[in-house]
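Novice: This one is coords_26.cif, mmCIF, C-alpha atoms and all ligand atoms.
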data_entry
loop_
_atom_site.label_atom_id
_atom_site.label_comp_id
_atom_site.auth_asym_id
_atom_site.auth_seq_id
_atom_site.Cartn_x
_atom_site.Cartn_y
_atom_site.Cartn_z
CA MET A 1 0.21 -6.39 -25.57
CA ASN A 2 1.59 -4.64 -22.47
CA LEU A 3 5.23 -3.73 -22.10
CA ARG A 4 6.92 -3.41 -18.72
CA VAL A 5 10.38 -2.20 -17.72
CA GLU A 6 11.48 -2.89 -14.14
CA GLY A 7 14.54 -1.37 -12.52
CA VAL A 8 16.51 -1.25 -15.75
CA SER A 9 19.99 0.17 -16.09
CA PHE A 10 22.24 -0.07 -19.11
CA ARG A 11 25.93 0.62 -19.42
CA TYR A 12 27.74 0.58 -22.79
CA PRO A 13 31.03 -1.32 -22.90
CA SER A 14 32.70 2.12 -23.17
CA GLY A 15 31.55 2.75 -19.60
CA VAL A 16 28.75 5.25 -20.36
CA LEU A 17 25.73 4.68 -18.10
CA ALA A 18 23.01 5.35 -20.69
CA LEU A 19 20.03 4.19 -18.60
CA ASP A 20 19.80 4.58 -14.87
CA GLY A 21 16.97 2.90 -12.95
CA ILE A 22 14.08 2.96 -15.42
CA ASP A 23 10.61 1.77 -14.35
CA LEU A 24 7.91 2.01 -16.95
CA ALA A 25 4.66 0.35 -17.97
CA ILE A 26 3.18 0.86 -21.42
CA PRO A 27 -0.34 -0.52 -21.65
CA SER A 28 -1.60 -2.24 -24.76
CA GLY A 29 -2.79 0.14 -27.47
CA GLN A 30 -1.16 3.26 -26.06
CA LEU A 31 0.48 5.88 -28.27
CA LEU A 32 3.49 7.03 -26.27
CA ALA A 33 6.02 9.69 -27.25
CA ILE A 34 9.53 9.64 -25.81
CA LEU A 35 11.29 12.99 -25.73
CA GLY A 36 14.57 14.37 -24.45
CA GLU A 37 17.74 16.07 -25.57
CA ASN A 38 20.49 14.34 -27.59
CA GLY A 39 22.14 11.60 -25.58
CA ALA A 40 19.30 11.38 -23.01
CA GLY A 41 19.00 7.62 -23.55
CA LYS A 42 15.90 7.38 -25.76
CA THR A 43 17.28 5.08 -28.44
CA THR A 44 19.09 2.95 -25.89
CA LEU A 45 15.81 2.43 -24.01
CA VAL A 46 13.81 1.30 -27.03
CA LYS A 47 16.58 -1.01 -28.24
CA LEU A 48 15.93 -3.04 -25.09
CA PHE A 49 12.36 -3.67 -26.25
CA ASN A 50 13.36 -5.91 -29.14
CA GLY A 51 16.59 -7.31 -27.75
CA LEU A 52 18.99 -5.22 -29.88
CA LEU A 53 20.48 -4.41 -26.47
CA ARG A 54 20.08 -6.32 -23.21
CA PRO A 55 19.77 -4.60 -19.83
CA SER A 56 22.83 -4.56 -17.57
CA GLN A 57 20.35 -4.70 -14.69
CA GLY A 58 16.60 -5.17 -14.36
CA LYS A 59 13.90 -6.76 -16.49
CA VAL A 60 11.99 -6.00 -19.66
CA TYR A 61 8.69 -7.85 -20.17
CA ILE A 62 6.99 -7.96 -23.55
CA GLY A 63 3.50 -9.24 -22.82
CA ASP A 64 4.00 -12.44 -20.82
CA TRP A 65 7.60 -12.85 -22.01
CA ASP A 66 10.64 -12.03 -19.94
CA SER A 67 12.72 -10.65 -22.83
CA ALA A 68 15.89 -12.18 -21.34
CA GLU A 69 14.48 -15.62 -22.18
CA HIS A 70 13.92 -14.87 -25.88
CA THR A 71 16.15 -14.27 -28.87
CA THR A 72 16.10 -11.06 -30.88
CA ALA A 73 14.48 -13.04 -33.73
CA ALA A 74 11.66 -14.18 -31.44
CA LEU A 75 11.18 -10.69 -30.02
CA ALA A 76 10.86 -9.36 -33.59
CA ARG A 77 7.48 -11.13 -33.73
CA ARG A 78 6.23 -8.91 -30.94
CA VAL A 79 8.11 -5.63 -31.39
CA GLY A 80 8.59 -3.98 -34.78
CA PHE A 81 11.30 -1.36 -35.11
CA LEU A 82 11.69 1.61 -37.44
CA PHE A 83 15.28 2.84 -37.31
CA GLN A 84 16.10 6.51 -37.22
CA ASN A 85 18.00 6.10 -40.50
CA PRO A 86 16.00 4.00 -43.01
CA ASP A 87 19.17 3.02 -44.86
CA ASP A 88 20.13 0.93 -41.83
CA GLN A 89 17.28 -1.42 -42.61
CA LEU A 90 16.96 -1.49 -46.43
CA PHE A 91 18.89 -4.02 -48.50
CA GLU A 92 16.58 -5.68 -51.06
CA ARG A 93 16.22 -5.10 -54.82
CA THR A 94 12.60 -4.01 -54.95
CA LEU A 95 10.10 -2.38 -52.63
CA ALA A 96 7.96 -5.53 -52.66
CA ARG A 97 10.91 -7.76 -51.71
CA GLU A 98 11.96 -5.29 -49.04
CA VAL A 99 8.55 -5.27 -47.36
CA GLY A 100 8.14 -9.04 -47.86
CA TYR A 101 11.50 -9.89 -46.33
CA GLY A 102 10.35 -9.84 -42.70
CA PRO A 103 7.13 -11.83 -43.08
CA ARG A 104 8.91 -14.34 -45.36
CA ASN A 105 11.61 -14.70 -42.73
CA LEU A 106 8.96 -15.41 -40.11
CA GLY A 107 7.75 -18.29 -42.27
CA ALA A 108 4.59 -16.73 -43.73
CA SER A 109 3.23 -18.44 -46.87
CA GLU A 110 3.81 -16.70 -50.23
CA ALA A 111 0.12 -15.78 -50.43
CA GLU A 112 0.29 -14.27 -46.95
CA VAL A 113 3.52 -12.41 -47.80
CA LYS A 114 1.86 -10.98 -50.91
CA ARG A 115 -1.18 -9.87 -48.93
CA ARG A 116 0.92 -8.18 -46.24
CA VAL A 117 3.18 -6.47 -48.80
CA ALA A 118 0.19 -5.05 -50.68
CA ARG A 119 -1.48 -3.85 -47.50
CA ALA A 120 1.65 -2.24 -46.01
CA LEU A 121 2.66 -0.51 -49.27
CA LYS A 122 -0.89 0.77 -49.64
CA LEU A 123 -0.91 2.11 -46.10
CA VAL A 124 2.21 4.23 -46.78
CA GLY A 125 1.09 5.19 -50.31
CA LEU A 126 3.88 3.39 -52.21
CA HIS A 127 1.77 0.61 -53.78
CA ASP A 128 2.33 1.96 -57.30
CA MET A 129 6.07 1.48 -56.95
CA ALA A 130 6.24 -2.12 -55.74
CA ASP A 131 8.79 -3.10 -58.41
CA ALA A 132 11.04 -0.05 -58.09
CA HIS A 133 14.46 -0.22 -56.44
CA PRO A 134 14.48 1.21 -52.88
CA TYR A 135 17.32 3.56 -53.79
CA ASP A 136 15.25 5.02 -56.63
CA LEU A 137 13.21 6.66 -53.88
CA PRO A 138 14.32 9.90 -52.23
CA GLN A 139 15.28 9.56 -48.55
CA PRO A 140 11.93 10.70 -47.07
CA GLN A 141 10.13 8.05 -49.10
CA ARG A 142 12.71 5.45 -48.13
CA LYS A 143 11.65 6.17 -44.56
CA LEU A 144 8.04 5.41 -45.55
CA LEU A 145 9.27 2.21 -47.19
CA ALA A 146 11.11 1.22 -44.02
CA LEU A 147 7.90 1.96 -42.13
CA ALA A 148 5.97 -0.32 -44.51
CA ALA A 149 8.53 -3.07 -43.86
CA THR A 150 8.01 -2.58 -40.11
CA ILE A 151 4.23 -2.63 -40.45
CA ALA A 152 4.29 -5.81 -42.56
CA MET A 153 5.71 -7.72 -39.59
CA ASP A 154 2.25 -7.38 -38.00
CA THR A 155 3.67 -6.95 -34.51
CA PRO A 156 1.40 -5.80 -31.69
CA ILE A 157 4.04 -3.27 -30.61
CA LEU A 158 5.80 -0.80 -32.93
CA VAL A 159 8.77 1.38 -32.05
CA LEU A 160 9.43 4.35 -34.33
CA ASP A 161 12.69 6.26 -33.88
CA GLU A 162 12.19 9.80 -35.25
CA PRO A 163 9.49 8.95 -37.82
CA THR A 164 9.08 12.54 -39.09
CA ILE A 165 12.73 13.53 -39.37
CA GLY A 166 13.60 14.77 -42.86
CA GLN A 167 9.94 14.73 -43.94
CA ASP A 168 8.24 17.70 -45.58
CA GLU A 169 4.63 18.62 -44.80
CA VAL A 170 3.30 15.97 -47.19
CA GLY A 171 5.46 13.28 -45.55
CA ARG A 172 4.46 14.42 -42.07
CA GLY A 173 0.84 14.26 -43.13
CA ALA A 174 1.33 10.72 -44.45
CA ILE A 175 3.00 9.60 -41.23
CA SER A 176 0.31 11.26 -39.18
CA ARG A 177 -2.38 9.36 -41.09
CA ILE A 178 -0.48 6.05 -40.80
CA LEU A 179 -0.02 6.44 -37.05
CA THR A 180 -3.69 7.24 -36.64
CA ASP A 181 -4.61 4.09 -38.62
CA LEU A 182 -2.23 1.88 -36.65
CA HIS A 183 -3.49 3.33 -33.38
CA ARG A 184 -7.06 2.64 -34.45
CA MET A 185 -6.07 -0.97 -35.20
CA GLY A 186 -5.07 -1.27 -31.54
CA ARG A 187 -1.30 -1.42 -31.99
CA THR A 188 0.90 -0.14 -29.19
CA LEU A 189 2.98 2.70 -30.65
CA ILE A 190 6.14 4.06 -29.10
CA MET A 191 7.64 6.98 -30.95
CA ILE A 192 10.82 8.87 -30.25
CA SER A 193 10.66 12.38 -31.65
CA HIS A 194 12.10 15.87 -31.40
CA ASP A 195 9.08 17.06 -33.37
CA MET A 196 7.11 18.59 -30.51
CA ASP A 197 4.13 19.76 -32.51
CA PHE A 198 3.76 16.28 -33.97
CA CYS A 199 4.02 14.62 -30.54
CA ALA A 200 1.54 17.01 -28.98
CA GLU A 201 -0.95 16.28 -31.71
CA HIS A 202 -0.67 12.49 -31.64
CA ALA A 203 0.63 11.14 -28.34
CA GLN A 204 -1.70 10.10 -25.53
CA ARG A 205 1.14 9.97 -23.08
CA MET A 206 4.63 11.47 -22.97
CA LEU A 207 7.82 10.49 -21.30
CA VAL A 208 10.69 12.96 -21.10
CA MET A 209 14.15 11.55 -20.47
CA LEU A 210 17.19 13.29 -19.02
CA ASN A 211 20.59 11.72 -18.33
CA GLY A 212 19.33 8.16 -18.60
CA LYS A 213 16.40 8.71 -16.25
CA ILE A 214 12.71 9.40 -16.66
CA HIS A 215 12.49 13.09 -15.84
CA VAL A 216 8.73 13.53 -16.18
CA GLU A 217 5.90 11.46 -17.59
CA GLY A 218 2.14 11.59 -17.81
CA THR A 219 -0.67 12.47 -20.18
CA THR A 220 0.39 14.72 -23.03
CA GLU A 221 -1.58 17.63 -21.65
CA ASP A 222 -0.13 17.21 -18.19
CA VAL A 223 3.49 16.95 -19.38
CA MET A 224 3.17 19.84 -21.82
CA GLY A 225 1.99 22.08 -19.00
CA GLN A 226 5.05 21.37 -16.84
CA THR A 227 7.18 24.21 -18.17
CA LYS A 228 9.88 23.99 -15.51
CA LYS A 229 10.46 20.24 -15.95
CA LEU A 230 10.55 20.64 -19.72
CA ASP A 231 13.06 23.47 -19.41
CA GLU A 232 15.31 21.31 -17.23
CA ALA A 233 15.24 18.60 -19.91
CA GLU A 234 15.82 21.17 -22.70
CA VAL A 235 12.52 20.27 -24.31
CA ALA A 236 10.58 23.18 -25.79
CA PRO A 237 6.78 22.90 -25.56
CA PRO A 238 4.89 23.01 -28.85
CA GLN A 239 4.20 26.37 -30.48
CA LEU A 240 0.52 26.45 -29.50
CA VAL A 241 1.33 25.83 -25.84
CA ARG A 242 4.01 28.52 -25.89
CA LEU A 243 1.59 30.95 -27.50
CA ALA A 244 -1.07 30.17 -24.87
CA GLN A 245 1.49 30.67 -22.11
CA ALA A 246 2.69 33.95 -23.62
CA LEU A 247 -0.90 35.19 -23.67
CA LYS A 248 -1.32 33.95 -20.08
CA MET A 249 -4.26 31.80 -21.12
CA PRO A 250 -5.17 28.98 -18.75
CA GLY A 251 -4.99 25.41 -20.08
CA THR A 252 -2.67 23.57 -22.44
CA PRO A 253 -4.12 23.54 -25.96
CA LEU A 254 -2.55 20.76 -28.05
CA THR A 255 -4.37 21.26 -31.35
CA VAL A 256 -5.43 24.33 -33.31
CA ASP A 257 -9.08 23.50 -32.58
CA ASP A 258 -8.37 23.25 -28.83
CA PHE A 259 -6.53 26.53 -28.99
CA VAL A 260 -9.37 28.33 -30.76
CA ASP A 261 -11.95 26.96 -28.28
CA GLU A 262 -9.89 27.90 -25.26
CA TYR A 263 -9.04 31.29 -26.72
CA LYS A 264 -12.73 32.12 -27.31
CA GLN A 265 -13.69 31.08 -23.77
CA TRP A 266 -10.82 32.99 -22.29
CA ARG A 267 -11.72 36.18 -24.23
CA LYS A 268 -15.35 35.87 -23.18
CA LYS A 269 -14.37 35.54 -19.53
CA LYS A 270 -11.96 38.48 -19.78
CA LYS A 271 -14.65 40.69 -21.32
CA SER A 272 -17.24 39.80 -18.69
CA LYS A 273 -14.84 40.74 -15.90
N1 LIG B 1 27.19 2.45 -29.15
C1 LIG B 1 27.44 3.25 -28.12
N2 LIG B 1 28.59 3.13 -27.40
C2 LIG B 1 28.86 3.93 -26.35
N3 LIG B 1 28.03 4.90 -25.91
C3 LIG B 1 26.88 5.07 -26.58
C4 LIG B 1 26.52 4.27 -27.71
N4 LIG B 1 25.33 4.69 -28.18
C5 LIG B 1 24.94 5.70 -27.36
N5 LIG B 1 25.88 5.93 -26.41
C6 LIG B 1 25.80 6.93 -25.32
O1 LIG B 1 24.70 6.59 -24.49
C7 LIG B 1 23.98 7.77 -24.11
C8 LIG B 1 22.55 7.66 -24.57
O2 LIG B 1 22.55 7.64 -26.00
P1 LIG B 1 21.22 7.43 -26.88
O3 LIG B 1 21.66 7.21 -28.27
O4 LIG B 1 20.38 6.39 -26.23
O5 LIG B 1 20.53 8.86 -26.72
P2 LIG B 1 19.29 9.48 -27.50
O6 LIG B 1 18.41 10.07 -26.44
O7 LIG B 1 18.71 8.49 -28.42
O8 LIG B 1 19.96 10.67 -28.31
P3 LIG B 1 19.63 11.28 -29.78
O9 LIG B 1 18.48 12.23 -29.57
O10 LIG B 1 20.87 12.00 -30.15
O11 LIG B 1 19.31 10.16 -30.72
C9 LIG B 1 24.76 8.94 -24.69
O12 LIG B 1 25.64 9.41 -23.71
C10 LIG B 1 25.50 8.32 -25.85
O13 LIG B 1 26.70 9.03 -26.10
MG MG B 2 18.48 8.40 -30.54
#
For the file at hand, write its structure as structure tokens.
Ligand SMILES: Nc1ncnc2c1ncn2[C@@H]1O[C@H](COP(=O)(O)OP(=O)(O)OP(=O)(O)O)[C@@H](O)[C@H]1O
Ligand SMILES: [Mg+2]
Specialist:
Amino acid sequence: MNLRVEGVSFRYPSGVLALDGIDLAIPSGQLLAILGENGAGKTTLVKLFNGLLRPSQGKVYIGDWDSAEHTTAALARRVGFLFQNPDDQLFERTLAREVGYGPRNLGASEAEVKRRVARALKLVGLHDMADAHPYDLPQPQRKLLALAATIAMDTPILVLDEPTIGQDEVGRGAISRILTDLHRMGRTLIMISHDMDFCAEHAQRMLVMLNGKIHVEGTTEDVMGQTKKLDEAEVAPPQLVRLAQALKMPGTPLTVDDFVDEYKQWRKKKKSK
């Protein structure tokens, strides 16, 4: 399902202009990362996608829907949302009830709810704890639980606000695997993250925001190579890219394997000179 933002501005009642003339198209199945310093407007932008906020100006289309013509409840069938802080979205007594809440609310049958709960808990690796209380889990695992609840809604589009924050390497690995699975299933994934290495490894496309505007966007490789633009937006390229730049290697390696390949080629060329 495609998502389109046309000429959107948003002003908070306090007077802050948080979004200023945003045009954006996110094609179905894309894995997009949104980056930018604190206060750039990232969360405000994605809250327009499921109607948590409504544009002051402009249009947001979710598939063939003009979002202005649909309630937040209706939009929740198309856009799932993982909040930055999982505790903002957890309120049930058990993991199973938590994950089942959304589908049940959408009117799914009990058999269907059960199936979706089992699948979502399995995907995040919490299936052995279905009857535990959410607050018996440490915070990083509560984030995985919140992610399971988001996944169980079976929406074609998923928005994840800082999915890796507070996660250790094991948690990051789990989230990496889950994103890869969801991407393979054809879901559109929009992730906000300060975790550059994670974005570089997973995103197909990147969008860097600054002062409520899109500062630079393009393929991950293209954006990561634009050092000056990234500097202006106070976004540091991932470690591998910085290392390649420090060595004056050509190219923008995004994974360790890319780096090793490019490094070998570069050394060979240097030697033959
Ligand atoms: N509820 C609110 N009321 C008034 N102003 C707000 C509100 N929420 C955010 N803002 C302001 O809107 C601007 C954009 O904020 P937003 O939360 O979208 O940024 P962000 O890029 O998500 O930042 P962060 O990386 O810190 O999460 C900032 O100037 C912020 O102070
Ligand atoms: Mg934010």
Novice: Please provide the set of residues having any atom within 10 Å of Leu243 in chain A, restricted to all atoms listed in the file, with same-chain residues fewer than 4 positions apart removed, written as a PDB file with C-alpha atoms, in the frame of the given file.
Specialist:
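Written out: around-v7.pdb:
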ATOM      1  CA  PRO A 237       6.780  22.900 -25.560  1.00  0.00           C
ATOM      2  CA  PRO A 238       4.890  23.010 -28.850  1.00  0.00           C
ATOM      3  CA  GLN A 239       4.200  26.370 -30.480  1.00  0.00           C
ATOM      4  CA  LEU A 247      -0.900  35.190 -23.670  1.00  0.00           C
ATOM      5  CA  LYS A 248      -1.320  33.950 -20.080  1.00  0.00           C
ATOM      6  CA  MET A 249      -4.260  31.800 -21.120  1.00  0.00           C
ATOM      7  CA  THR A 252      -2.670  23.570 -22.440  1.00  0.00           C
ATOM      8  CA  PRO A 253      -4.120  23.540 -25.960  1.00  0.00           C
ATOM      9  CA  PHE A 259      -6.530  26.530 -28.990  1.00  0.00           C
TER      10      PHE A 259
END
Novice: Write out as an NGL selection string each polymer residue (protein, DNA or RNA) that has an atom no more than 9 Å from ligand LIG 1 (chain B), with only C-alpha atoms and all ligand atoms counted.
Specialist: :A and (10-19 or 34-47 or 84 or 161-162 or 192-194 or 209-212)
Novice: Export C-alpha atoms of the chosen residues as a PDB file, in the coordinates of the input?
Specialist:
ATOM      1  CA  PHE A  10      22.240  -0.070 -19.110  1.00  0.00           C
ATOM      2  CA  ARG A  11      25.930   0.620 -19.420  1.00  0.00           C
ATOM      3  CA  TYR A  12      27.740   0.580 -22.790  1.00  0.00           C
ATOM      4  CA  PRO A  13      31.030  -1.320 -22.900  1.00  0.00           C
ATOM      5  CA  SER A  14      32.700   2.120 -23.170  1.00  0.00           C
ATOM      6  CA  GLY A  15      31.550   2.750 -19.600  1.00  0.00           C
ATOM      7  CA  VAL A  16      28.750   5.250 -20.360  1.00  0.00           C
ATOM      8  CA  LEU A  17      25.730   4.680 -18.100  1.00  0.00           C
ATOM      9  CA  ALA A  18      23.010   5.350 -20.690  1.00  0.00           C
ATOM     10  CA  LEU A  19      20.030   4.190 -18.600  1.00  0.00           C
ATOM     11  CA  ILE A  34       9.530   9.640 -25.810  1.00  0.00           C
ATOM     12  CA  LEU A  35      11.290  12.990 -25.730  1.00  0.00           C
ATOM     13  CA  GLY A  36      14.570  14.370 -24.450  1.00  0.00           C
ATOM     14  CA  GLU A  37      17.740  16.070 -25.570  1.00  0.00           C
ATOM     15  CA  ASN A  38      20.490  14.340 -27.590  1.00  0.00           C
ATOM     16  CA  GLY A  39      22.140  11.600 -25.580  1.00  0.00           C
ATOM     17  CA  ALA A  40      19.300  11.380 -23.010  1.00  0.00           C
ATOM     18  CA  GLY A  41      19.000   7.620 -23.550  1.00  0.00           C
ATOM     19  CA  LYS A  42      15.900   7.380 -25.760  1.00  0.00           C
ATOM     20  CA  THR A  43      17.280   5.080 -28.440  1.00  0.00           C
ATOM     21  CA  THR A  44      19.090   2.950 -25.890  1.00  0.00           C
ATOM     22  CA  LEU A  45      15.810   2.430 -24.010  1.00  0.00           C
ATOM     23  CA  VAL A  46      13.810   1.300 -27.030  1.00  0.00           C
ATOM     24  CA  LYS A  47      16.580  -1.010 -28.240  1.00  0.00           C
ATOM     25  CA  GLN A  84      16.100   6.510 -37.220  1.00  0.00           C
ATOM     26  CA  ASP A 161      12.690   6.260 -33.880  1.00  0.00           C
ATOM     27  CA  GLU A 162      12.190   9.800 -35.250  1.00  0.00           C
ATOM     28  CA  ILE A 192      10.820   8.870 -30.250  1.00  0.00           C
ATOM     29  CA  SER A 193      10.660  12.380 -31.650  1.00  0.00           C
ATOM     30  CA  HIS A 194      12.100  15.870 -31.400  1.00  0.00           C
ATOM     31  CA  MET A 209      14.150  11.550 -20.470  1.00  0.00           C
ATOM     32  CA  LEU A 210      17.190  13.290 -19.020  1.00  0.00           C
ATOM     33  CA  ASN A 211      20.590  11.720 -18.330  1.00  0.00           C
ATOM     34  CA  GLY A 212      19.330   8.160 -18.600  1.00  0.00           C
TER      35      GLY A 212
END
Novice: For each of A:Asp195, A:Asp181, A:Glu201, A:Asp261, take the minimum atom-to-atom distance to Ile151 in chain A, counting all atoms listed in the file, then give the residue where this is smallest.
Specialist: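 Checking each of A:Asp195, A:Asp181, A:Glu201, A:Asp261 against Ile151 in chain A, counting all atoms listed in the file, the winner is A:Asp181.
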Novice: What does the distance from CA of Val241 in chain A to CA of Met196 in chain A come to in Å, to one decimal?
Specialist: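 So the two atoms, CA of Val241 in chain A and CA of Met196 in chain A, lie 10.4 Å apart.
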Novice: Could you state the separation of CA of Pro86 in chain A and CA of Pro27 in chain A in Å, given to one decimal place?
Specialist: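 Atom-to-atom, CA of Pro86 in chain A to CA of Pro27 in chain A, that is 27.3 Å.
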Novice: Enter the distance from CA of Gln265 in chain A to CA of Glu221 in chain A, in Å, rounded to one decimal.
Specialist: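 Answer for the CA of Gln265 in chain A to CA of Glu221 in chain A separation: 18.2 Å.
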Novice: Restricting the calculation to all atoms listed in the file: of A:Ala146, A:Ile26, A:Ala96, A:Leu160, which residue gets closest to ligand MG 2 (chain B)?
Specialist: A:Leu160
Novice: May I have the residues within 12 Å of Leu82 in chain A as a PyMOL selection string, using only C-alpha atoms and disregarding those fewer than 6 positions away in the same chain?
Specialist: chain A and resi 43+46-47+50+76+88-90+142-153+157-164+189-192
Novice: Near Leu121 in chain A, counting all atoms listed in the file, which residues have an atom at most 8 Å away, once you skip same-chain residues fewer than 3 positions from it, shown as a list in words?
Specialist: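 The contact residues come out as Val99, Val117, Ala118, Val124, Gly125, Leu126, His127, Ala130, Leu145 and Ala148 of chain A.
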Novice: For a quick check of understanding, using all atoms listed in the file, which of A:Phe83, A:Ala120, A:Ser9, A:Gly171 has the smallest distance to ligand MG 2 (chain B)?
Specialist: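 For ligand MG 2 (chain B), the nearest of the candidates is A:Phe83.
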Novice: Identify which of the residues A:Ile165, A:Arg184, A:Lys229, A:Met206 lies closest to ligand MG 2 (chain B), counting all atoms listed in the file when measuring atom-to-atom distances.
Specialist: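 That would be A:Ile165, the residue with the smallest distance to ligand MG 2 (chain B).
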Novice: Which is closer to Leu95 in chain A than all the others in A:Val79, A:Met224, A:Met129, A:Leu32, using only C-alpha atoms?
Specialist: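 Smallest separation from Leu95 in chain A among the options: A:Met129.
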Novice: Within 9 Å of His202 in chain A, counting only C-alpha atoms, which residues qualify if same-chain residues fewer than 4 places away don't, as a list of chain:residue names?
Specialist: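 So the residues in contact are A:Leu31, A:Leu32, A:Ala33, A:Ser176, A:Leu179, A:Thr180, A:Asp197, A:Phe198, A:Thr220.
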Novice: Using only C-alpha atoms and all ligand atoms, which of the listed residues (A:Asn85, A:Gly58, A:Pro140, A:Thr219) sits closest to ligand MG 2 (chain B)?
Specialist: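 Nearest candidate to ligand MG 2 (chain B) out of A:Asn85, A:Gly58, A:Pro140, A:Thr219: A:Asn85.
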Novice: So which residues touch Gly251 in chain A within 8 Å, counting only C-alpha atoms, skipping near sequence neighbours fewer than 3 positions away, as a PyMOL selection string?
Specialist: chain A and resi 225+244+262
Novice: Could the centre and edge lengths of an axis-aligned box, enclosing all atoms of range 144-156 of chain A in the file with 8 Å extra on each side, be given in Å to one decimal as JSON?
Specialist:
{"center_x": 6.3, "center_y": -1.2, "center_z": -39.4, "size_x": 25.7, "size_y": 29.1, "size_z": 31.5}
Novice: Can you patch up range 108-121 of chain A, filling it in to N, CA and C atoms, and show the result as a tab-separated table (two decimals), in the frame of the given file?
Specialist:
chain	number	residue	atom	x	y	z
A	108	ALA	N	5.93	-16.91	-43.15
A	108	ALA	CA	4.59	-16.73	-43.73
A	108	ALA	C	4.55	-17.36	-45.13
A	109	SER	N	3.38	-17.85	-45.54
A	109	SER	CA	3.23	-18.44	-46.87
A	109	SER	C	3.37	-17.33	-47.91
A	110	GLU	N	3.64	-17.71	-49.18
A	110	GLU	CA	3.81	-16.70	-50.23
A	110	GLU	C	2.54	-15.87	-50.41
A	111	ALA	N	1.38	-16.52	-50.30
A	111	ALA	CA	0.12	-15.78	-50.43
A	111	ALA	C	-0.02	-14.75	-49.31
A	112	GLU	N	0.36	-15.17	-48.11
A	112	GLU	CA	0.29	-14.27	-46.95
A	112	GLU	C	1.30	-13.12	-47.10
A	113	VAL	N	2.51	-13.46	-47.58
A	113	VAL	CA	3.52	-12.41	-47.80
A	113	VAL	C	2.98	-11.38	-48.78
A	114	LYS	N	2.39	-11.86	-49.87
A	114	LYS	CA	1.86	-10.98	-50.91
A	114	LYS	C	0.78	-10.05	-50.33
A	115	ARG	N	-0.09	-10.63	-49.53
A	115	ARG	CA	-1.18	-9.87	-48.93
A	115	ARG	C	-0.63	-8.76	-48.01
A	116	ARG	N	0.36	-9.16	-47.19
A	116	ARG	CA	0.92	-8.18	-46.24
A	116	ARG	C	1.69	-7.08	-46.95
A	117	VAL	N	2.42	-7.46	-48.03
A	117	VAL	CA	3.18	-6.47	-48.80
A	117	VAL	C	2.22	-5.45	-49.41
A	118	ALA	N	1.15	-5.94	-50.03
A	118	ALA	CA	0.19	-5.05	-50.68
A	118	ALA	C	-0.43	-4.11	-49.66
A	119	ARG	N	-0.80	-4.67	-48.51
A	119	ARG	CA	-1.48	-3.85	-47.50
A	119	ARG	C	-0.54	-2.78	-46.93
A	120	ALA	N	0.71	-3.19	-46.62
A	120	ALA	CA	1.65	-2.24	-46.01
A	120	ALA	C	2.05	-1.15	-47.00
A	121	LEU	N	2.28	-1.53	-48.27
A	121	LEU	CA	2.66	-0.51	-49.27
A	121	LEU	C	1.50	0.45	-49.50
